[in-house]
Structures are given as C-alpha cells and as structure tokens.
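As provided, model29.pdb (PDB, C-alpha atoms and all ligand atoms) reads as follows.
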ATOM      1  CA  MET A1496    -154.857-106.292 -15.612  1.00  0.00           C
ATOM      2  CA  LYS A1497    -157.956-108.409 -15.442  1.00  0.00           C
ATOM      3  CA  LEU A1498    -159.420-109.976 -12.327  1.00  0.00           C
ATOM      4  CA  TYR A1499    -161.820-112.836 -13.007  1.00  0.00           C
ATOM      5  CA  ILE A1500    -164.519-113.332 -10.386  1.00  0.00           C
ATOM      6  CA  THR A1501    -168.027-114.576  -9.798  1.00  0.00           C
ATOM      7  CA  PRO A1502    -170.342-112.291  -7.802  1.00  0.00           C
ATOM      8  CA  GLY A1503    -171.094-114.990  -5.185  1.00  0.00           C
ATOM      9  CA  SER A1504    -167.555-116.266  -4.580  1.00  0.00           C
ATOM     10  CA  PRO A1505    -166.186-115.379  -1.128  1.00  0.00           C
ATOM     11  CA  TYR A1506    -162.626-116.059  -2.339  1.00  0.00           C
ATOM     12  CA  ALA A1507    -163.037-113.694  -5.280  1.00  0.00           C
ATOM     13  CA  ARG A1508    -164.619-111.192  -2.904  1.00  0.00           C
ATOM     14  CA  MET A1509    -161.350-110.930  -0.966  1.00  0.00           C
ATOM     15  CA  ALA A1510    -159.522-109.915  -4.145  1.00  0.00           C
ATOM     16  CA  ARG A1511    -162.298-107.475  -5.075  1.00  0.00           C
ATOM     17  CA  ILE A1512    -162.108-105.915  -1.599  1.00  0.00           C
ATOM     18  CA  MET A1513    -158.349-105.536  -2.020  1.00  0.00           C
ATOM     19  CA  VAL A1514    -158.848-103.747  -5.370  1.00  0.00           C
ATOM     20  CA  LEU A1515    -161.166-101.247  -3.657  1.00  0.00           C
ATOM     21  CA  GLU A1516    -159.162-100.858  -0.434  1.00  0.00           C
ATOM     22  CA  LYS A1517    -156.049-100.135  -2.528  1.00  0.00           C
ATOM     23  CA  ALA A1518    -157.958 -97.867  -4.954  1.00  0.00           C
ATOM     24  CA  LEU A1519    -156.806 -99.949  -7.929  1.00  0.00           C
ATOM     25  CA  GLU A1520    -160.046 -99.698  -9.919  1.00  0.00           C
ATOM     26  CA  HIS A1521    -158.256 -97.773 -12.690  1.00  0.00           C
ATOM     27  CA  ARG A1522    -155.682-100.570 -13.144  1.00  0.00           C
ATOM     28  CA  ILE A1523    -157.802-103.705 -12.698  1.00  0.00           C
ATOM     29  CA  GLU A1524    -160.702-104.637 -14.913  1.00  0.00           C
ATOM     30  CA  ILE A1525    -163.200-106.967 -13.237  1.00  0.00           C
ATOM     31  CA  GLU A1526    -164.566-109.757 -15.438  1.00  0.00           C
ATOM     32  CA  VAL A1527    -167.268-112.243 -14.485  1.00  0.00           C
ATOM     33  CA  ALA A1528    -166.107-115.775 -15.333  1.00  0.00           C
ATOM     34  CA  ALA A1529    -168.427-118.591 -16.411  1.00  0.00           C
ATOM     35  CA  THR A1530    -167.450-121.229 -13.838  1.00  0.00           C
ATOM     36  CA  ARG A1531    -168.822-124.687 -13.114  1.00  0.00           C
ATOM     37  CA  ARG A1532    -170.167-125.493 -16.551  1.00  0.00           C
ATOM     38  CA  ALA A1533    -169.044-127.949 -19.195  1.00  0.00           C
ATOM     39  CA  ASN A1534    -166.777-126.525 -21.894  1.00  0.00           C
ATOM     40  CA  SER A1535    -166.805-122.985 -20.537  1.00  0.00           C
ATOM     41  CA  PRO A1536    -164.564-120.728 -22.668  1.00  0.00           C
ATOM     42  CA  TYR A1537    -163.082-119.576 -19.334  1.00  0.00           C
ATOM     43  CA  TYR A1538    -161.195-122.899 -19.129  1.00  0.00           C
ATOM     44  CA  THR A1539    -159.003-121.927 -22.077  1.00  0.00           C
ATOM     45  CA  LEU A1540    -157.869-118.947 -20.015  1.00  0.00           C
ATOM     46  CA  ASN A1541    -157.697-120.667 -16.637  1.00  0.00           C
ATOM     47  CA  PRO A1542    -157.675-124.469 -16.896  1.00  0.00           C
ATOM     48  CA  SER A1543    -158.536-124.908 -13.196  1.00  0.00           C
ATOM     49  CA  GLY A1544    -161.783-123.027 -13.835  1.00  0.00           C
ATOM     50  CA  ARG A1545    -161.568-121.328 -10.428  1.00  0.00           C
ATOM     51  CA  VAL A1546    -161.898-117.727  -9.355  1.00  0.00           C
ATOM     52  CA  PRO A1547    -160.329-115.433  -8.355  1.00  0.00           C
ATOM     53  CA  TYR A1548    -157.836-115.363 -11.217  1.00  0.00           C
ATOM     54  CA  LEU A1549    -155.642-112.371 -11.974  1.00  0.00           C
ATOM     55  CA  VAL A1550    -154.157-111.928 -15.432  1.00  0.00           C
ATOM     56  CA  ARG A1551    -151.257-109.563 -14.909  1.00  0.00           C
ATOM     57  CA  ASP A1552    -150.061-106.878 -17.330  1.00  0.00           C
ATOM     58  CA  ASP A1553    -147.350-109.284 -18.544  1.00  0.00           C
ATOM     59  CA  GLY A1554    -150.081-111.793 -19.483  1.00  0.00           C
ATOM     60  CA  VAL A1555    -149.265-114.265 -16.722  1.00  0.00           C
ATOM     61  CA  GLY A1556    -152.268-115.562 -14.752  1.00  0.00           C
ATOM     62  CA  MET A1557    -152.306-116.198 -10.998  1.00  0.00           C
ATOM     63  CA  GLU A1558    -154.722-118.217  -8.842  1.00  0.00           C
ATOM     64  CA  GLU A1559    -155.354-118.231  -5.060  1.00  0.00           C
ATOM     65  CA  SER A1560    -157.024-115.403  -3.190  1.00  0.00           C
ATOM     66  CA  SER A1561    -154.187-114.995  -0.668  1.00  0.00           C
ATOM     67  CA  LEU A1562    -151.525-114.743  -3.399  1.00  0.00           C
ATOM     68  CA  ILE A1563    -153.623-112.339  -5.470  1.00  0.00           C
ATOM     69  CA  CYS A1564    -154.396-110.151  -2.431  1.00  0.00           C
ATOM     70  CA  ASP A1565    -150.721-109.958  -1.506  1.00  0.00           C
ATOM     71  CA  TYR A1566    -149.773-109.130  -5.106  1.00  0.00           C
ATOM     72  CA  LEU A1567    -152.411-106.385  -5.345  1.00  0.00           C
ATOM     73  CA  ASP A1568    -151.385-104.972  -1.977  1.00  0.00           C
ATOM     74  CA  ARG A1569    -147.792-104.584  -3.188  1.00  0.00           C
ATOM     75  CA  LEU A1570    -148.548-103.236  -6.683  1.00  0.00           C
ATOM     76  CA  ASP A1571    -148.099 -99.629  -5.596  1.00  0.00           C
ATOM     77  CA  GLY A1572    -144.897-100.443  -3.700  1.00  0.00           C
ATOM     78  CA  SER A1573    -146.507 -99.436  -0.429  1.00  0.00           C
ATOM     79  CA  PRO A1574    -148.308-102.410   1.135  1.00  0.00           C
ATOM     80  CA  SER A1575    -151.249-101.520   3.376  1.00  0.00           C
ATOM     81  CA  PHE A1576    -151.640-105.030   4.811  1.00  0.00           C
ATOM     82  CA  PRO A1577    -148.127-106.343   5.478  1.00  0.00           C
ATOM     83  CA  LEU A1578    -147.725-109.043   8.105  1.00  0.00           C
ATOM     84  CA  PRO A1579    -146.479-107.718  11.438  1.00  0.00           C
ATOM     85  CA  THR A1580    -143.029-108.938  12.424  1.00  0.00           C
ATOM     86  CA  GLY A1581    -142.220-111.488  15.137  1.00  0.00           C
ATOM     87  CA  ALA A1582    -144.868-113.041  17.364  1.00  0.00           C
ATOM     88  CA  GLN A1583    -147.580-110.720  16.058  1.00  0.00           C
ATOM     89  CA  GLY A1584    -146.897-111.991  12.544  1.00  0.00           C
ATOM     90  CA  TRP A1585    -147.470-115.590  13.640  1.00  0.00           C
ATOM     91  CA  GLU A1586    -150.658-114.544  15.414  1.00  0.00           C
ATOM     92  CA  ALA A1587    -151.906-112.774  12.276  1.00  0.00           C
ATOM     93  CA  ARG A1588    -151.178-115.852  10.153  1.00  0.00           C
ATOM     94  CA  ARG A1589    -152.779-118.151  12.740  1.00  0.00           C
ATOM     95  CA  LEU A1590    -155.986-116.102  12.693  1.00  0.00           C
ATOM     96  CA  GLU A1591    -156.055-115.878   8.906  1.00  0.00           C
ATOM     97  CA  ALA A1592    -155.598-119.666   8.669  1.00  0.00           C
ATOM     98  CA  LEU A1593    -158.474-120.223  11.118  1.00  0.00           C
ATOM     99  CA  ALA A1594    -160.763-118.000   9.062  1.00  0.00           C
ATOM    100  CA  ARG A1595    -159.720-119.720   5.826  1.00  0.00           C
ATOM    101  CA  SER A1596    -160.312-123.127   7.383  1.00  0.00           C
ATOM    102  CA  MET A1597    -163.860-122.089   8.252  1.00  0.00           C
ATOM    103  CA  LEU A1598    -164.367-120.712   4.726  1.00  0.00           C
ATOM    104  CA  ASP A1599    -163.062-123.878   3.067  1.00  0.00           C
ATOM    105  CA  GLY A1600    -165.685-125.900   4.976  1.00  0.00           C
ATOM    106  CA  LEU A1601    -168.459-123.495   4.030  1.00  0.00           C
ATOM    107  CA  ALA A1602    -167.411-123.667   0.390  1.00  0.00           C
ATOM    108  CA  VAL A1603    -167.813-127.465   0.485  1.00  0.00           C
ATOM    109  CA  TRP A1604    -171.260-127.018   2.058  1.00  0.00           C
ATOM    110  CA  GLY A1605    -172.171-124.379  -0.541  1.00  0.00           C
ATOM    111  CA  ARG A1606    -171.097-126.627  -3.408  1.00  0.00           C
ATOM    112  CA  GLU A1607    -173.156-129.473  -1.975  1.00  0.00           C
ATOM    113  CA  ILE A1608    -176.391-127.487  -1.798  1.00  0.00           C
ATOM    114  CA  GLY A1609    -175.740-126.176  -5.310  1.00  0.00           C
ATOM    115  CA  ARG A1610    -176.104-129.709  -6.673  1.00  0.00           C
ATOM    116  CA  PRO A1611    -179.441-131.212  -7.739  1.00  0.00           C
ATOM    117  CA  THR A1612    -181.256-132.407  -4.582  1.00  0.00           C
ATOM    118  CA  ASN A1613    -180.941-136.085  -5.514  1.00  0.00           C
ATOM    119  CA  GLU A1614    -177.150-135.711  -5.779  1.00  0.00           C
ATOM    120  CA  GLN A1615    -176.659-133.949  -2.432  1.00  0.00           C
ATOM    121  CA  SER A1616    -175.041-135.776   0.464  1.00  0.00           C
ATOM    122  CA  PRO A1617    -176.827-135.243   3.813  1.00  0.00           C
ATOM    123  CA  THR A1618    -173.701-136.621   5.521  1.00  0.00           C
ATOM    124  CA  ILE A1619    -171.443-133.941   4.011  1.00  0.00           C
ATOM    125  CA  ILE A1620    -173.996-131.216   4.746  1.00  0.00           C
ATOM    126  CA  ARG A1621    -174.291-132.328   8.410  1.00  0.00           C
ATOM    127  CA  HIS A1622    -170.516-132.520   8.740  1.00  0.00           C
ATOM    128  CA  GLU A1623    -169.953-129.036   7.320  1.00  0.00           C
ATOM    129  CA  ALA A1624    -172.851-127.504   9.282  1.00  0.00           C
ATOM    130  CA  ALA A1625    -171.371-128.888  12.510  1.00  0.00           C
ATOM    131  CA  ARG A1626    -167.880-127.646  11.585  1.00  0.00           C
ATOM    132  CA  SER A1627    -169.242-124.164  10.904  1.00  0.00           C
ATOM    133  CA  GLU A1628    -170.941-124.104  14.333  1.00  0.00           C
ATOM    134  CA  ARG A1629    -167.737-125.097  16.134  1.00  0.00           C
ATOM    135  CA  MET A1630    -165.793-122.473  14.200  1.00  0.00           C
ATOM    136  CA  ALA A1631    -168.329-119.726  14.938  1.00  0.00           C
ATOM    137  CA  ASP A1632    -168.077-120.628  18.664  1.00  0.00           C
ATOM    138  CA  LEU A1633    -164.301-120.364  18.422  1.00  0.00           C
ATOM    139  CA  TRP A1634    -164.514-116.958  16.730  1.00  0.00           C
ATOM    140  CA  GLU A1635    -166.997-115.671  19.305  1.00  0.00           C
ATOM    141  CA  ALA A1636    -164.234-116.313  21.870  1.00  0.00           C
ATOM    142  CA  GLN A1637    -161.381-114.883  19.730  1.00  0.00           C
ATOM    143  CA  ILE A1638    -162.982-111.816  18.196  1.00  0.00           C
ATOM    144  CA  ASP A1639    -161.971-109.464  21.024  1.00  0.00           C
ATOM    145  CA  GLY A1640    -158.260-109.949  20.255  1.00  0.00           C
ATOM    146  CA  PRO A1641    -156.262-106.886  19.167  1.00  0.00           C
ATOM    147  CA  LEU A1642    -155.626-108.103  15.619  1.00  0.00           C
ATOM    148  CA  MET A1643    -159.336-108.663  14.994  1.00  0.00           C
ATOM    149  CA  GLN A1644    -160.259-105.297  16.537  1.00  0.00           C
ATOM    150  CA  GLY A1645    -157.426-103.195  15.117  1.00  0.00           C
ATOM    151  CA  ALA A1646    -156.767-101.879  11.604  1.00  0.00           C
ATOM    152  CA  LEU A1647    -158.091-103.941   8.683  1.00  0.00           C
ATOM    153  CA  ASN A1648    -155.912-106.941   7.852  1.00  0.00           C
ATOM    154  CA  MET A1649    -156.119-110.201   5.907  1.00  0.00           C
ATOM    155  CA  ALA A1650    -157.475-112.188   8.878  1.00  0.00           C
ATOM    156  CA  GLN A1651    -160.358-109.703   9.168  1.00  0.00           C
ATOM    157  CA  ILE A1652    -161.015-109.671   5.410  1.00  0.00           C
ATOM    158  CA  THR A1653    -161.024-113.479   5.302  1.00  0.00           C
ATOM    159  CA  LEU A1654    -163.333-113.850   8.307  1.00  0.00           C
ATOM    160  CA  ALA A1655    -165.753-111.177   7.090  1.00  0.00           C
ATOM    161  CA  CYS A1656    -166.002-112.826   3.637  1.00  0.00           C
ATOM    162  CA  THR A1657    -166.569-116.139   5.424  1.00  0.00           C
ATOM    163  CA  LEU A1658    -169.398-114.834   7.608  1.00  0.00           C
ATOM    164  CA  GLY A1659    -170.870-112.921   4.658  1.00  0.00           C
ATOM    165  CA  PHE A1660    -171.210-116.206   2.789  1.00  0.00           C
ATOM    166  CA  SER A1661    -174.412-116.787   4.816  1.00  0.00           C
ATOM    167  CA  ALA A1662    -176.157-114.729   2.093  1.00  0.00           C
ATOM    168  CA  ARG A1663    -175.530-117.698  -0.228  1.00  0.00           C
ATOM    169  CA  ASN A1664    -176.673-120.402   2.198  1.00  0.00           C
ATOM    170  CA  PRO A1665    -179.858-119.747   4.201  1.00  0.00           C
ATOM    171  CA  ALA A1666    -179.104-122.748   6.467  1.00  0.00           C
ATOM    172  CA  TYR A1667    -175.838-121.147   7.640  1.00  0.00           C
ATOM    173  CA  ARG A1668    -177.227-119.116  10.535  1.00  0.00           C
ATOM    174  CA  TRP A1669    -174.277-118.127  12.686  1.00  0.00           C
ATOM    175  CA  ARG A1670    -175.687-114.896  14.146  1.00  0.00           C
ATOM    176  CA  PRO A1671    -178.222-115.900  16.847  1.00  0.00           C
ATOM    177  CA  VAL A1672    -175.829-117.326  19.450  1.00  0.00           C
ATOM    178  CA  HIS A1673    -172.767-115.252  18.495  1.00  0.00           C
ATOM    179  CA  PRO A1674    -173.593-111.663  19.489  1.00  0.00           C
ATOM    180  CA  LYS A1675    -169.987-110.367  19.617  1.00  0.00           C
ATOM    181  CA  LEU A1676    -169.221-111.844  16.218  1.00  0.00           C
ATOM    182  CA  SER A1677    -172.446-110.376  14.897  1.00  0.00           C
ATOM    183  CA  ASP A1678    -171.528-106.856  16.089  1.00  0.00           C
ATOM    184  CA  TRP A1679    -168.015-107.229  14.698  1.00  0.00           C
ATOM    185  CA  PHE A1680    -169.351-108.354  11.325  1.00  0.00           C
ATOM    186  CA  ASP A1681    -171.854-105.479  11.126  1.00  0.00           C
ATOM    187  CA  ARG A1682    -169.051-102.965  11.694  1.00  0.00           C
ATOM    188  CA  ILE A1683    -166.771-104.392   9.017  1.00  0.00           C
ATOM    189  CA  ALA A1684    -169.631-105.069   6.570  1.00  0.00           C
ATOM    190  CA  ALA A1685    -170.400-101.327   6.588  1.00  0.00           C
ATOM    191  CA  ARG A1686    -167.050-100.480   4.952  1.00  0.00           C
ATOM    192  CA  PRO A1687    -167.590 -99.281   1.363  1.00  0.00           C
ATOM    193  CA  SER A1688    -165.374-102.081  -0.034  1.00  0.00           C
ATOM    194  CA  PHE A1689    -167.559-104.694   1.682  1.00  0.00           C
ATOM    195  CA  VAL A1690    -170.846-103.018   0.735  1.00  0.00           C
ATOM    196  CA  ALA A1691    -169.764-102.838  -2.922  1.00  0.00           C
ATOM    197  CA  THR A1692    -168.838-106.545  -3.035  1.00  0.00           C
ATOM    198  CA  ALA A1693    -171.711-108.055  -1.032  1.00  0.00           C
ATOM    199  CA  PRO A1694    -172.751-111.365  -2.596  1.00  0.00           C
ATOM    200  CA  PRO A1695    -176.212-111.716  -4.113  1.00  0.00           C
ATOM    201  CA  SER A1696    -178.616-113.712  -1.937  1.00  0.00           C
ATOM    202  CA  ALA A1697    -179.116-117.335  -2.899  1.00  0.00           C
TER     203      ALA A1697
HETATM  204  N1  LIG B   1    -158.159-121.746  -2.664  1.00  0.00           N
HETATM  205  C1  LIG B   1    -158.815-120.959  -3.680  1.00  0.00           C
HETATM  206  C2  LIG B   1    -160.287-121.361  -3.738  1.00  0.00           C
HETATM  207  C3  LIG B   1    -161.010-120.747  -4.928  1.00  0.00           C
HETATM  208  C4  LIG B   1    -162.350-121.420  -5.178  1.00  0.00           C
HETATM  209  O1  LIG B   1    -162.624-122.527  -4.720  1.00  0.00           O
HETATM  210  N2  LIG B   1    -163.218-120.721  -5.919  1.00  0.00           N
HETATM  211  C5  LIG B   1    -164.516-121.278  -6.272  1.00  0.00           C
HETATM  212  C6  LIG B   1    -165.598-120.209  -6.113  1.00  0.00           C
HETATM  213  S1  LIG B   1    -165.982-119.883  -4.435  1.00  0.00           S
HETATM  214  C7  LIG B   1    -164.535-121.657  -7.746  1.00  0.00           C
HETATM  215  O2  LIG B   1    -163.977-120.948  -8.547  1.00  0.00           O
HETATM  216  N3  LIG B   1    -165.210-122.755  -8.099  1.00  0.00           N
HETATM  217  C8  LIG B   1    -165.365-123.144  -9.470  1.00  0.00           C
HETATM  218  C9  LIG B   1    -165.115-124.610  -9.683  1.00  0.00           C
HETATM  219  O3  LIG B   1    -164.918-125.318  -8.673  1.00  0.00           O
HETATM  220  O4  LIG B   1    -165.101-125.047 -10.825  1.00  0.00           O
HETATM  221  C10 LIG B   1    -158.627-119.479  -3.363  1.00  0.00           C
HETATM  222  O5  LIG B   1    -158.376-119.139  -2.198  1.00  0.00           O
HETATM  223  O6  LIG B   1    -158.685-118.653  -4.290  1.00  0.00           O
END
What's the structure tokens form of this structure?
Ligand SMILES: N[C@@H](CCC(=O)N[C@@H](CS)C(=O)NCC(=O)O)C(=O)O
Amino acid sequence: MKLYITPGSPYARMARIMVLEKALEHRIEIEVAATRRANSPYYTLNPSGRVPYLVRDDGVGMEESSLICDYLDRLDGSPSFPLPTGAQGWEARRLEALARSMLDGLAVWGREIGRPTNEQSPTIIRHEAARSERMADLWEAQIDGPLMQGALNMAQITLACTLGFSARNPAYRWRPVHPKLSDWFDRIAARPSFVATAPPSA
C-alpha cells in the first residue's frame, strides 16, 4: 500500500503516526505528494489533491485522516485504538471532534500565511488566531480528563498533531499561558512515532 503525505501536514501526520504505532512500516510505503501546485501529476492519482491519501492493495484510494487511521488500525485484525463503548465512546468522540475543530481552524490560518503577503487576509488571520486561543484555553481546562491522560487514542493523536502544528506557524504560540497543555504535549511528543513525524519548521 502507499500512503501519500507531505512532511508538514498535520492530517497526514496522524496517518504516519498510526503506521508507526501499528508497526506497519513493512506494508505501507510513504510517498511525498506534490500538493498545491498547478497541474501536479498527483492530481491524476488523487483528484482532490489532498493528503493523506492511502492507495490500498486493491488499488482503491481513500482520503480523510480519520478514515485512514481507522483502516490502518484494523488492518491486522486487532485494533489498538477502538472507541470505548457507551458513554465513554461518546466522550472519546467529543474530544476528538474538539481537537479536529481546532486543527481545521489552524489549517485555514496556515493556508492563509502560505499565500503571497498581498493576497493574505488580516481578517481571516485574526479570526483564526482568536479561535486558536479560545480552543487552547478550553484544552487547558480539559486536559486532565481520563481519556486525555490514559492510553494513546485518536483524541490524543489529533490534539498532539494540532499543537505540533505551531512548528509551521511561528505566530501560533499556545504554550506560554497553557502550562498543563504544554506538559501534556511534551510527554506525548516524546513518543518515537511523534518524534519521527515531527513537521519541519516553517
Ligand atoms: N479533512 C482532511 C483534511 C486534509 C487536508 O486538508 N490536507 C491538506 C494538508 S494539511 C492538503 O492536502 N492540502 C492540499 C490542498 O489543499 O490542495 C483530512 O482529515 O484528511
């Protein structure tokens, strides 16, 4: 199978972390895709042009980090990150959705600052910067919960890839007033799968 990524993409990073956490390196080849450029040959493979993108052994391609992570987790028939049942399952999905919501905002901000300066929108940048501050405040209050402190799960992977995106945006400084979140991030960022997939600095 082939997993298409870019080294700086936090969404692709989730899939790359899953490959490492599940020890699937022998089954999944990682390919760097040429995204965000006119007429990239990657578009013939994946018309949306997005990463992550997993081309399965049967030749079928799949988008969406959450779908790809779930697929990779179940490849060996023994999922390591299944959703808990009952109320805990809803809590896990609630937390994962919160983390993804924060990441989606940061991705908009990241795209904006990637444009030529004269095409950037200060309004969008202000809006996303403010959203990211509110979300970091929320996480500072939620990070002590059992699902964020317990065994690795998709909510933790999503939040850690979100916070790690600060390497790509120097203006996204969430650490100073969020000491608990900062400690939590440092612990999870030390895992080999996170170290190996750390995004290059902008
Ligand atoms: N909802 C998607 C988002 C994927 C996404 O937006 N990826 C970005 C990189 S961070 C991308 O491929 N952008 C290329 C483009 O917009 O053309 C997921 O969770 O996989």
>> Show me, as a ChimeraX atom specification, the residues that have an atom within 8 Å of A:Ala1650 when counting all atoms listed in the file, minus same-chain residues fewer than 5 positions from it.
In response: /A:1587-1588,1590-1592,1594,1643
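Between atom N3 of ligand LIG 1 (chain B) and atom CA of A:Pro1536 lies a distance of 14.7 Å.
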> Please, which residues have at least one atom within 8 Å of an atom of ligand LIG 1 (chain B), using all atoms listed in the file, listed as a VMD selection string?
Replying inline: chain A and resid 1500 to 1501 1503 to 1507 1530 to 1532 1543 to 1548 1558 to 1561 1599 1602
Could you name the residues that touch A:Ser1627 at 8 Å or less, counting all atoms listed in the file, but leaving out those on the same chain fewer than 4 positions away, as a PDB file with C-alpha atoms, in the frame of the given file?
ATOM      1  CA  MET A1597    -163.860-122.089   8.252  1.00  0.00           C
ATOM      2  CA  GLY A1600    -165.685-125.900   4.976  1.00  0.00           C
ATOM      3  CA  LEU A1601    -168.459-123.495   4.030  1.00  0.00           C
ATOM      4  CA  GLU A1623    -169.953-129.036   7.320  1.00  0.00           C
ATOM      5  CA  ALA A1631    -168.329-119.726  14.938  1.00  0.00           C
ATOM      6  CA  TYR A1667    -175.838-121.147   7.640  1.00  0.00           C
TER       7      TYR A1667
END
> the PyMOL selection byres (((chain A and resi 1690-1694) around 9) and not hetatm) on the file shown: which residues, as a ChimeraX atom specification?
Replying inline: /A:1502-1505,1508-1509,1511-1512,1515,1656,1659-1660,1662-1663,1684-1689,1695-1697
>> Could you check which residues have any atom within 12 Å of (-151.0, -107.6, -4.8), counting only C-alpha atoms with coordinates taken straight from the file, and then list them as an MDAnalysis selection string?
In response: chainID A and resid 1496 1498 1509:1514 1516:1519 1522:1523 1549:1551 1557:1577
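Closest approach to A:Gln1651 among A:Ala1625, A:Ile1525, A:Ile1683, A:Ile1619: A:Ile1683, based on all atoms listed in the file.
For the atom pair formed by atom CA of A:Tyr1537 and atom CA of A:Leu1654, the distance is 28.2 Å, given to one decimal.
Nearest-residue note for A:Ala1646: choosing from A:Asp1553, A:His1673, A:Pro1579, A:Ala1528, the minimum distance belongs to A:Pro1579, counting only C-alpha atoms.
Ranking A:Val1672, A:Val1527, A:Ile1608, A:Leu1647 by their shortest atom-to-atom distance to A:Ala1624, with all atoms listed in the file included, puts A:Ile1608 first.
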